[in-house]
$ cat entry-v1.txt   # compact mmCIF, C-alpha atoms (C1' of nucleotides) and all ligand atoms
# COMPACT_ATOMS: atom_id res chain seq x y z
CA MET A 1 19.49 -58.76 14.36
CA THR A 2 20.31 -56.29 17.06
CA GLU A 3 18.04 -54.52 19.50
CA ARG A 4 17.39 -50.89 18.74
CA ALA A 5 16.44 -47.87 20.79
CA LEU A 6 12.96 -46.40 20.81
CA PRO A 7 12.83 -43.73 18.14
CA TYR A 8 11.05 -41.31 20.45
CA ARG A 9 13.95 -41.08 22.82
CA PRO A 10 17.26 -39.45 22.00
CA HIS A 11 19.64 -42.14 20.86
CA ASN A 12 22.69 -42.78 18.80
CA HIS A 13 20.89 -42.79 15.52
CA ASP A 14 24.00 -43.47 13.49
CA ALA A 15 23.93 -46.85 15.18
CA CYS A 16 20.38 -47.41 13.89
CA VAL A 17 21.55 -46.70 10.37
CA SER A 18 24.65 -48.84 10.50
CA HIS A 19 22.79 -51.73 12.08
CA ALA A 20 20.09 -51.48 9.44
CA LEU A 21 22.63 -51.44 6.64
CA ALA A 22 24.61 -54.31 8.11
CA ASP A 23 21.44 -56.36 8.51
CA ALA A 24 20.40 -55.54 4.98
CA ARG A 25 23.71 -56.64 3.55
CA GLU A 26 23.55 -59.88 5.46
CA ILE A 27 19.94 -60.59 4.44
CA CYS A 28 20.70 -59.92 0.80
CA ARG A 29 23.79 -62.08 0.95
CA GLN A 30 21.73 -64.93 2.36
CA HIS A 31 19.21 -64.60 -0.46
CA ASN A 32 21.72 -64.03 -3.22
CA ALA A 33 20.05 -60.69 -3.79
CA ARG A 34 22.08 -57.77 -5.06
CA LEU A 35 22.05 -54.78 -2.77
CA THR A 36 23.30 -52.47 -5.49
CA PRO A 37 24.57 -48.96 -4.75
CA ILE A 38 21.27 -47.34 -5.66
CA ARG A 39 19.31 -49.73 -3.50
CA GLU A 40 21.64 -49.30 -0.58
CA ARG A 41 21.58 -45.53 -0.93
CA VAL A 42 17.79 -45.50 -0.95
CA LEU A 43 17.74 -47.66 2.17
CA GLU A 44 20.20 -45.29 3.78
CA PHE A 45 18.00 -42.30 2.96
CA ILE A 46 15.00 -44.02 4.43
CA TRP A 47 16.90 -44.74 7.61
CA GLN A 48 18.14 -41.19 7.95
CA SER A 49 15.30 -40.62 10.36
CA HIS A 50 12.47 -42.52 12.00
CA LYS A 51 10.01 -40.60 9.88
CA PRO A 52 8.57 -42.10 6.73
CA LEU A 53 9.86 -40.82 3.43
CA GLY A 54 7.89 -40.41 0.23
CA ALA A 55 9.17 -41.82 -3.04
CA TYR A 56 9.54 -38.34 -4.46
CA ASP A 57 11.44 -37.19 -1.37
CA ILE A 58 13.93 -39.93 -2.10
CA LEU A 59 14.00 -38.90 -5.71
CA ALA A 60 14.84 -35.34 -4.67
CA MET A 61 17.57 -36.56 -2.32
CA LEU A 62 19.15 -38.56 -5.12
CA GLY A 63 18.88 -35.50 -7.34
CA ALA A 64 20.54 -33.36 -4.67
CA GLU A 65 23.63 -35.51 -4.80
CA GLY A 66 23.89 -35.29 -8.55
CA HIS A 67 22.23 -38.56 -9.43
CA ASN A 68 19.69 -37.52 -12.00
CA ALA A 69 17.15 -40.26 -11.38
CA ALA A 70 13.61 -40.71 -12.63
CA PRO A 71 10.67 -42.12 -10.64
CA PRO A 72 11.10 -45.72 -11.81
CA THR A 73 14.59 -45.78 -10.35
CA VAL A 74 13.21 -45.04 -6.92
CA TYR A 75 10.17 -47.25 -7.16
CA ARG A 76 12.26 -50.15 -8.36
CA ALA A 77 14.66 -49.76 -5.47
CA LEU A 78 11.71 -49.57 -3.11
CA ASP A 79 10.15 -52.68 -4.63
CA PHE A 80 13.38 -54.51 -4.04
CA LEU A 81 13.64 -53.34 -0.45
CA LEU A 82 10.00 -54.22 0.19
CA GLN A 83 10.47 -57.64 -1.35
CA TYR A 84 13.25 -58.51 1.06
CA GLY A 85 11.48 -56.98 4.03
CA LEU A 86 13.97 -54.18 4.49
CA VAL A 87 11.40 -51.40 4.39
CA HIS A 88 7.66 -51.10 4.90
CA ARG A 89 5.17 -49.01 3.03
CA ILE A 90 2.86 -46.90 5.16
CA ALA A 91 -0.36 -46.93 3.16
CA SER A 92 -2.02 -44.13 5.08
CA LEU A 93 0.88 -41.81 4.26
CA ASN A 94 2.04 -43.07 0.87
CA ALA A 95 5.49 -43.28 2.38
CA PHE A 96 8.21 -45.74 3.34
CA ILE A 97 10.01 -46.53 6.56
CA GLY A 98 12.90 -48.78 7.43
CA CYS A 99 11.92 -52.11 8.90
CA ALA A 100 12.97 -52.39 12.51
CA HIS A 101 12.72 -56.18 12.46
CA ALA A 102 14.22 -57.12 9.14
CA GLY A 103 14.66 -60.84 8.69
CA GLU A 104 12.46 -61.66 11.67
CA HIS A 105 9.33 -62.74 9.78
CA HIS A 106 6.86 -60.45 11.42
CA ARG A 107 3.76 -58.45 10.68
CA GLY A 108 4.46 -54.80 10.97
CA ALA A 109 2.20 -52.57 13.02
CA PHE A 110 2.97 -48.88 13.18
CA LEU A 111 2.42 -46.10 15.65
CA ILE A 112 2.54 -42.86 13.70
CA CYS A 113 2.84 -39.58 15.58
CA ARG A 114 0.81 -36.83 13.95
CA GLN A 115 2.84 -34.11 15.59
CA CYS A 116 6.45 -35.11 15.04
CA GLY A 117 5.94 -37.70 12.30
CA THR A 118 7.98 -40.35 14.08
CA VAL A 119 6.94 -43.92 13.42
CA LEU A 120 7.47 -46.80 15.82
CA GLU A 121 7.18 -50.29 14.44
CA LEU A 122 5.74 -52.73 16.88
CA ALA A 123 6.36 -56.41 17.07
CA THR A 124 2.88 -57.34 18.15
CA PRO A 125 2.11 -60.99 18.63
CA ALA A 126 -0.98 -60.12 20.69
CA VAL A 127 -2.39 -57.83 18.03
CA SER A 128 -1.50 -60.20 15.23
CA LYS A 129 -3.23 -62.97 17.12
CA ALA A 130 -6.36 -60.89 17.61
CA VAL A 131 -6.45 -60.00 13.92
CA GLU A 132 -5.94 -63.58 12.86
CA ASP A 133 -8.65 -64.77 15.22
CA ALA A 134 -11.06 -62.18 13.88
CA ALA A 135 -10.30 -63.24 10.32
CA ALA A 136 -10.63 -66.91 11.24
CA ALA A 137 -14.02 -66.20 12.78
CA GLU A 138 -15.15 -65.11 9.33
CA ALA A 139 -13.40 -68.03 7.63
CA PHE A 140 -11.19 -65.48 5.91
CA LEU A 141 -7.62 -66.37 4.98
CA PRO A 142 -5.43 -63.37 5.84
CA GLU A 143 -2.33 -62.80 3.73
CA GLU A 144 -1.25 -59.25 4.41
CA VAL A 145 -2.15 -56.96 7.28
CA THR A 146 -2.01 -53.18 7.12
CA LEU A 147 -2.13 -51.85 10.66
CA GLU A 148 -1.33 -48.20 11.15
CA VAL A 149 -2.23 -46.21 14.23
CA ALA A 150 -2.13 -42.45 13.93
CA GLY A 151 -1.97 -40.51 17.18
CA VAL A 152 0.41 -38.73 19.48
CA CYS A 153 3.66 -40.22 20.67
CA PRO A 154 4.84 -40.07 24.30
CA ARG A 155 7.41 -37.37 23.60
CA CYS A 156 4.86 -35.05 21.98
CA LEU A 157 2.37 -35.81 24.74
CA GLY A 158 4.94 -34.87 27.38
CA ASP A 159 6.49 -31.69 26.24
CA ASN A 160 4.82 -29.56 23.60
CA SER A 161 8.01 -28.47 21.90
CA ASN A 162 8.44 -30.99 19.17
CA ALA A 163 10.05 -31.14 15.77
CA MET B 164 -29.21 -49.37 12.61
CA THR B 165 -30.28 -52.66 11.16
CA GLU B 166 -28.35 -55.91 10.90
CA ARG B 167 -27.02 -56.71 7.48
CA ALA B 168 -26.14 -59.91 5.68
CA LEU B 169 -22.58 -61.01 5.10
CA PRO B 170 -21.48 -59.61 1.78
CA TYR B 171 -19.89 -62.91 0.79
CA ARG B 172 -23.17 -64.74 0.74
CA PRO B 173 -25.93 -64.13 -1.77
CA HIS B 174 -28.38 -61.70 -0.22
CA ASN B 175 -30.97 -59.13 -1.04
CA HIS B 176 -28.52 -56.41 -1.76
CA ASP B 177 -31.18 -53.85 -2.56
CA ALA B 178 -31.98 -54.07 1.13
CA CYS B 179 -28.35 -53.20 1.97
CA VAL B 180 -28.63 -50.11 -0.18
CA SER B 181 -31.95 -48.94 1.11
CA HIS B 182 -30.94 -49.52 4.72
CA ALA B 183 -27.73 -47.61 4.15
CA LEU B 184 -29.56 -44.70 2.55
CA ALA B 185 -32.22 -44.64 5.23
CA ASP B 186 -29.57 -44.68 7.96
CA ALA B 187 -27.65 -41.93 6.19
CA ARG B 188 -30.71 -39.71 5.94
CA GLU B 189 -31.45 -40.23 9.60
CA ILE B 190 -27.87 -39.54 10.69
CA CYS B 191 -27.70 -36.37 8.61
CA ARG B 192 -31.05 -35.20 9.96
CA GLN B 193 -29.79 -35.69 13.51
CA HIS B 194 -26.70 -33.62 12.77
CA ASN B 195 -28.46 -30.97 10.71
CA ALA B 196 -26.20 -31.97 7.83
CA ARG B 197 -27.46 -31.70 4.29
CA LEU B 198 -27.46 -34.96 2.40
CA THR B 199 -27.72 -33.20 -0.95
CA PRO B 200 -28.60 -35.06 -4.16
CA ILE B 201 -24.97 -35.33 -5.21
CA ARG B 202 -23.88 -36.66 -1.83
CA GLU B 203 -26.73 -39.14 -1.71
CA ARG B 204 -26.01 -40.28 -5.25
CA VAL B 205 -22.34 -40.83 -4.44
CA LEU B 206 -23.29 -42.83 -1.37
CA GLU B 207 -25.67 -44.88 -3.50
CA PHE B 208 -22.93 -45.60 -6.03
CA ILE B 209 -20.61 -46.72 -3.28
CA TRP B 210 -23.26 -49.04 -1.93
CA GLN B 211 -24.00 -50.55 -5.31
CA SER B 212 -21.68 -53.36 -4.35
CA HIS B 213 -19.60 -54.55 -1.43
CA LYS B 214 -16.46 -53.73 -3.37
CA PRO B 215 -14.63 -50.51 -2.80
CA LEU B 216 -14.97 -47.79 -5.40
CA GLY B 217 -12.32 -45.32 -6.47
CA ALA B 218 -13.06 -41.62 -6.63
CA TYR B 219 -12.61 -41.64 -10.37
CA ASP B 220 -14.92 -44.62 -10.72
CA ILE B 221 -17.57 -42.53 -9.05
CA LEU B 222 -16.70 -39.64 -11.31
CA ALA B 223 -17.20 -41.86 -14.34
CA MET B 224 -20.54 -43.11 -12.99
CA LEU B 225 -21.73 -39.57 -12.53
CA GLY B 226 -20.54 -38.79 -16.04
CA ALA B 227 -22.41 -41.81 -17.38
CA GLU B 228 -25.67 -40.38 -16.17
CA GLY B 229 -25.09 -37.05 -17.77
CA HIS B 230 -23.74 -35.20 -14.73
CA ASN B 231 -20.58 -33.68 -16.06
CA ALA B 232 -18.67 -33.52 -12.78
CA ALA B 233 -15.04 -32.73 -12.01
CA PRO B 234 -12.85 -34.40 -9.37
CA PRO B 235 -13.55 -31.85 -6.62
CA THR B 236 -17.25 -32.63 -6.80
CA VAL B 237 -16.59 -36.25 -5.96
CA TYR B 238 -13.92 -35.61 -3.37
CA ARG B 239 -16.11 -33.08 -1.61
CA ALA B 240 -18.99 -35.50 -1.48
CA LEU B 241 -16.62 -38.17 -0.16
CA ASP B 242 -15.25 -35.80 2.47
CA PHE B 243 -18.77 -35.15 3.64
CA LEU B 244 -19.64 -38.84 3.78
CA LEU B 245 -16.40 -39.61 5.61
CA GLN B 246 -17.03 -36.82 8.07
CA TYR B 247 -20.37 -38.26 9.10
CA GLY B 248 -19.06 -41.82 9.15
CA LEU B 249 -21.16 -42.96 6.21
CA VAL B 250 -18.25 -44.33 4.23
CA HIS B 251 -14.71 -45.46 4.95
CA ARG B 252 -11.59 -44.94 2.95
CA ILE B 253 -9.50 -48.05 2.29
CA ALA B 254 -5.97 -46.69 2.35
CA SER B 255 -4.37 -49.76 0.83
CA LEU B 256 -6.63 -49.47 -2.21
CA ASN B 257 -7.21 -45.73 -2.49
CA ALA B 258 -10.89 -46.50 -2.57
CA PHE B 259 -14.07 -46.04 -0.60
CA ILE B 260 -16.64 -48.41 0.86
CA GLY B 261 -19.97 -47.92 2.56
CA CYS B 262 -19.84 -48.09 6.32
CA ALA B 263 -21.69 -51.10 7.62
CA HIS B 264 -21.98 -49.61 11.10
CA ALA B 265 -22.85 -46.00 10.47
CA GLY B 266 -23.70 -44.11 13.59
CA GLU B 267 -22.37 -46.81 15.86
CA HIS B 268 -19.13 -45.15 16.89
CA HIS B 269 -16.77 -47.90 15.91
CA ARG B 270 -13.32 -48.47 14.55
CA GLY B 271 -13.49 -50.03 11.16
CA ALA B 272 -11.43 -53.10 10.35
CA PHE B 273 -11.67 -54.55 6.90
CA LEU B 274 -11.24 -57.97 5.35
CA ILE B 275 -10.46 -57.43 1.68
CA CYS B 276 -10.66 -60.35 -0.73
CA ARG B 277 -7.93 -60.22 -3.33
CA GLN B 278 -9.82 -62.46 -5.70
CA CYS B 279 -13.33 -61.06 -5.78
CA GLY B 280 -12.65 -57.64 -4.27
CA THR B 281 -15.39 -57.94 -1.68
CA VAL B 282 -14.79 -56.12 1.58
CA LEU B 283 -16.26 -57.09 4.91
CA GLU B 284 -16.20 -54.52 7.66
CA LEU B 285 -15.72 -56.03 11.08
CA ALA B 286 -16.92 -54.69 14.36
CA THR B 287 -13.95 -55.86 16.35
CA PRO B 288 -13.88 -55.02 20.04
CA ALA B 289 -11.22 -57.68 20.63
CA VAL B 290 -8.90 -56.34 17.94
CA SER B 291 -9.52 -52.74 18.96
CA LYS B 292 -8.69 -53.68 22.50
CA ALA B 293 -5.45 -55.38 21.48
CA VAL B 294 -4.42 -52.37 19.41
CA GLU B 295 -5.22 -49.98 22.21
CA ASP B 296 -3.30 -52.07 24.70
CA ALA B 297 -0.28 -52.22 22.42
CA ALA B 298 -0.39 -48.45 21.99
CA ALA B 299 -0.81 -47.93 25.72
CA ALA B 300 2.22 -50.12 26.36
CA GLU B 301 4.24 -47.57 24.41
CA ALA B 302 2.48 -44.62 26.09
CA PHE B 303 1.13 -43.72 22.69
CA LEU B 304 -2.24 -41.98 22.36
CA PRO B 305 -4.09 -43.57 19.46
CA GLU B 306 -6.51 -41.43 17.51
CA GLU B 307 -7.19 -43.24 14.27
CA VAL B 308 -6.62 -46.85 13.36
CA THR B 309 -6.17 -48.15 9.83
CA LEU B 310 -6.63 -51.90 9.86
CA GLU B 311 -6.96 -53.62 6.52
CA VAL B 312 -6.46 -57.32 5.99
CA ALA B 313 -5.94 -58.50 2.43
CA GLY B 314 -6.49 -62.17 1.77
CA VAL B 315 -9.04 -64.60 0.41
CA CYS B 316 -12.68 -64.65 1.46
CA PRO B 317 -14.58 -67.82 2.34
CA ARG B 318 -16.48 -67.82 -0.93
CA CYS B 319 -13.31 -67.62 -3.02
CA LEU B 320 -11.64 -70.21 -0.83
CA GLY B 321 -14.53 -72.59 -1.35
CA ASP B 322 -15.34 -72.53 -5.01
CA ASN B 323 -12.83 -71.19 -7.49
CA SER B 324 -15.38 -69.60 -9.78
CA ASN B 325 -15.63 -66.07 -8.51
CA ALA B 326 -16.60 -62.75 -9.94
C1' DC C 327 -36.43 -9.29 -1.21
C1' DT C 328 -31.80 -9.16 0.53
C1' DG C 329 -27.78 -10.76 2.20
C1' DC C 330 -25.06 -14.51 3.97
C1' DA C 331 -23.27 -19.09 4.28
C1' DA C 332 -22.98 -23.46 2.30
C1' DA C 333 -22.60 -26.09 -1.72
C1' DT C 334 -21.28 -26.73 -6.39
C1' DG C 335 -18.93 -25.59 -10.92
C1' DT C 336 -14.64 -24.89 -13.34
C1' DT C 337 -9.92 -24.78 -14.46
C1' DA C 338 -5.65 -25.81 -13.48
C1' DT C 339 -2.14 -28.20 -11.06
C1' DA C 340 0.15 -31.17 -7.57
C1' DA C 341 1.41 -35.65 -5.85
C1' DT C 342 1.92 -40.46 -6.48
C1' DG C 343 2.79 -44.39 -9.27
C1' DT C 344 3.29 -47.24 -13.83
C1' DT C 345 4.49 -48.87 -18.70
C1' DG C 346 7.56 -49.85 -22.28
C1' DC C 347 11.67 -50.04 -24.36
C1' DA C 348 16.69 -49.10 -24.90
C1' DA C 349 21.28 -49.16 -22.88
C1' DA C 350 24.45 -50.73 -19.59
C1' DT C 351 26.02 -53.88 -16.28
C1' DT C 352 26.53 -58.29 -14.08
C1' DT C 353 26.33 -63.19 -14.14
C1' DT C 354 26.73 -67.58 -16.27
C1' DG C 355 28.22 -71.31 -19.30
C1' DC C 356 31.80 -72.63 -21.86
C1' DG D 357 38.66 -64.78 -21.14
C1' DC D 358 34.38 -64.48 -23.91
C1' DA D 359 29.87 -64.51 -25.79
C1' DA D 360 25.10 -65.25 -24.50
C1' DA D 361 21.70 -64.53 -21.06
C1' DA D 362 19.79 -62.29 -17.31
C1' DT D 363 19.47 -58.48 -14.33
C1' DT D 364 19.67 -53.75 -13.48
C1' DT D 365 19.41 -49.01 -14.78
C1' DG D 366 18.21 -44.91 -17.86
C1' DC D 367 14.75 -42.54 -19.93
C1' DA D 368 10.41 -40.72 -21.85
C1' DA D 369 5.93 -40.78 -21.69
C1' DC D 370 1.80 -41.58 -19.34
C1' DA D 371 -1.80 -43.03 -15.74
C1' DT D 372 -3.99 -42.40 -11.43
C1' DT D 373 -5.20 -40.03 -7.29
C1' DA D 374 -5.93 -35.73 -4.98
C1' DT D 375 -5.92 -30.65 -4.12
C1' DA D 376 -5.88 -25.40 -4.83
C1' DA D 377 -8.04 -21.30 -6.11
C1' DC D 378 -11.70 -18.75 -7.47
C1' DA D 379 -16.34 -18.07 -9.71
C1' DT D 380 -21.20 -19.21 -9.49
C1' DT D 381 -25.30 -21.00 -7.71
C1' DT D 382 -28.40 -22.49 -4.15
C1' DG D 383 -30.79 -22.62 0.36
C1' DC D 384 -32.21 -20.14 4.01
C1' DA D 385 -32.83 -16.37 7.74
C1' DG D 386 -34.26 -12.06 8.71
ZN ZN E 401 17.42 -44.12 15.33
ZN ZN E 402 9.13 -54.53 9.96
ZN ZN E 403 -25.39 -56.17 0.20
ZN ZN E 404 -13.70 -63.12 -2.38

$ encode --input "entry-v1.txt" --output "structure tokens"
Amino acid sequence: MTERALPYRPHNHDACVSHALADAREICRQHNARLTPIRERVLEFIWQSHKPLGAYDILAMLGAEGHNAAPPTVYRALDFLLQYGLVHRIASLNAFIGCAHAGEHHRGAFLICRQCGTVLELATPAVSKAVEDAAAAEAFLPEEVTLEVAGVCPRCLGDNSNA
Amino acid sequence: MTERALPYRPHNHDACVSHALADAREICRQHNARLTPIRERVLEFIWQSHKPLGAYDILAMLGAEGHNAAPPTVYRALDFLLQYGLVHRIASLNAFIGCAHAGEHHRGAFLICRQCGTVLELATPAVSKAVEDAAAAEAFLPEEVTLEVAGVCPRCLGDNSNA
DNA sequence: CTGCAAATGTTATAATGTTGCAAATTTTGC
DNA sequence: GCAAAATTTGCAACATTATAACATTTGCAG
């Protein structure tokens, strides 16, 4: 799994996409999971930017290329991608984003810029530790952590001409 | 703002409700905000248990007592209660829970039991600190944190006869 | 009392997500 | 290869969550 650039900074984003797709293919191969054309296309749409995409956005994108899909098509593809850790769902936005650490067994934490919409996924051992300690202090067994921080990203803080 | 019992353990829950309502009245008085009958009733419904309540659940409860309300009535009451920090929205459940620390200027973190549905709101300086540090490390300005931990609560871990 | 602002009522609609079953495709066992 | 089985996709309807727009009522100040 290759290192990737920070989404805030200009970067060769095509490389993000191709890395993500290559990783996805490898992960699916390892699990004998079928990354079918629809599933791969949905993953590709999601990776087209570092901004989360709604299910119905994806549906519209599929429609725009002539694939007359219905909601279950998209949700099933998303379920598959979620199951294999290739995308994450952002609960506070009802939207989906490509996983920047696919295959790494991690707990996603997300920094969501309110101005430009860009999402950075953190690999956060310190935060995960703090959350697990807090849960342990209450004798609570944590299974899934939703951690989403809305705010302003460095780029939007710096200049005020953002997309 | 008074201390409250852990929701997992049997407790005098009527006290939870009356404390919450008393706190709410005081907070609204301080802010010259009108805790109208509808708003107070919605808050009371939400506090009827330590399990989050959906907007349409509240709508049905209002309907059950003869108040023939429409969705905007409930959502407006919820907006008001959110605005003054009297309830929290649980993004991962699309539901609402009474704030256990109203008026205390805190960042809510929630332990959500998947078996019994009970939610415990933590006051978590350590976790908040870790999140803020992680954001700062990325030069990100955090404004709102969604932190929801789904898992199994101590009561459901102990006995396996839960509600 | 009058007029204004805030709150509520009402209707319709948007946005998000699911169920159930049929058809097609892929895999598997032989 | 080939038929049975399993997986995936198509499709129609529906369920849930949330908002928009505008009318009406209520609380309150002057
Ligand atoms: Zn990129
Ligand atoms: Zn991830
Ligand atoms: Zn209680
Ligand atoms: Zn429980």

$ residues_near_ligand --input "entry-v1.txt" --ligand "ligand ZN 404 (chain E)" --cutoff "10 Å" --atoms "all atoms listed in the file" --output "list of chain:residue names"
A:Phe140, B:Pro170, B:Tyr171, B:Lys214, B:Leu274, B:Ile275, B:Cys276, B:Arg277, B:Gln278, B:Cys279, B:Gly280, B:Thr281, B:Val282, B:Leu283, B:Gly314, B:Val315, B:Cys316, B:Pro317, B:Arg318, B:Cys319, B:Leu320, B:Gly321, B:Asp322, B:Asn323, B:Ser324, B:Asn325, B:Ala326

$ residues_near_ligand --input "entry-v1.txt" --ligand "ligand ZN 401 (chain E)" --cutoff "10 Å" --atoms "only C-alpha atoms (C1' of nucleotides) and all ligand atoms" --output "MDAnalysis selection string"
chainID A and resid 4:20 47:51 100

$ residues_around --input "entry-v1.txt" --residues "Ala137 (chain A)" --least-positions-apart "5" --cutoff "12 Å" --atoms "only C-alpha atoms (C1' of nucleotides)" --output "ChimeraX atom specification"
/A:130-132,142 /B:274,285-287,289,316-317

$ interface_residues --input "entry-v1.txt" --of "chain B" --to "chain C" --cutoff "10 Å" --atoms "all atoms listed in the file" --output "ChimeraX atom specification"
/B:197,199,201,231-233,235-236,239

$ closest_residue --input "entry-v1.txt" --among "D:DA368, D:DA374, D:DA362, D:DC384" --to "chain B" --atoms "only C-alpha atoms (C1' of nucleotides)"
D:DA374
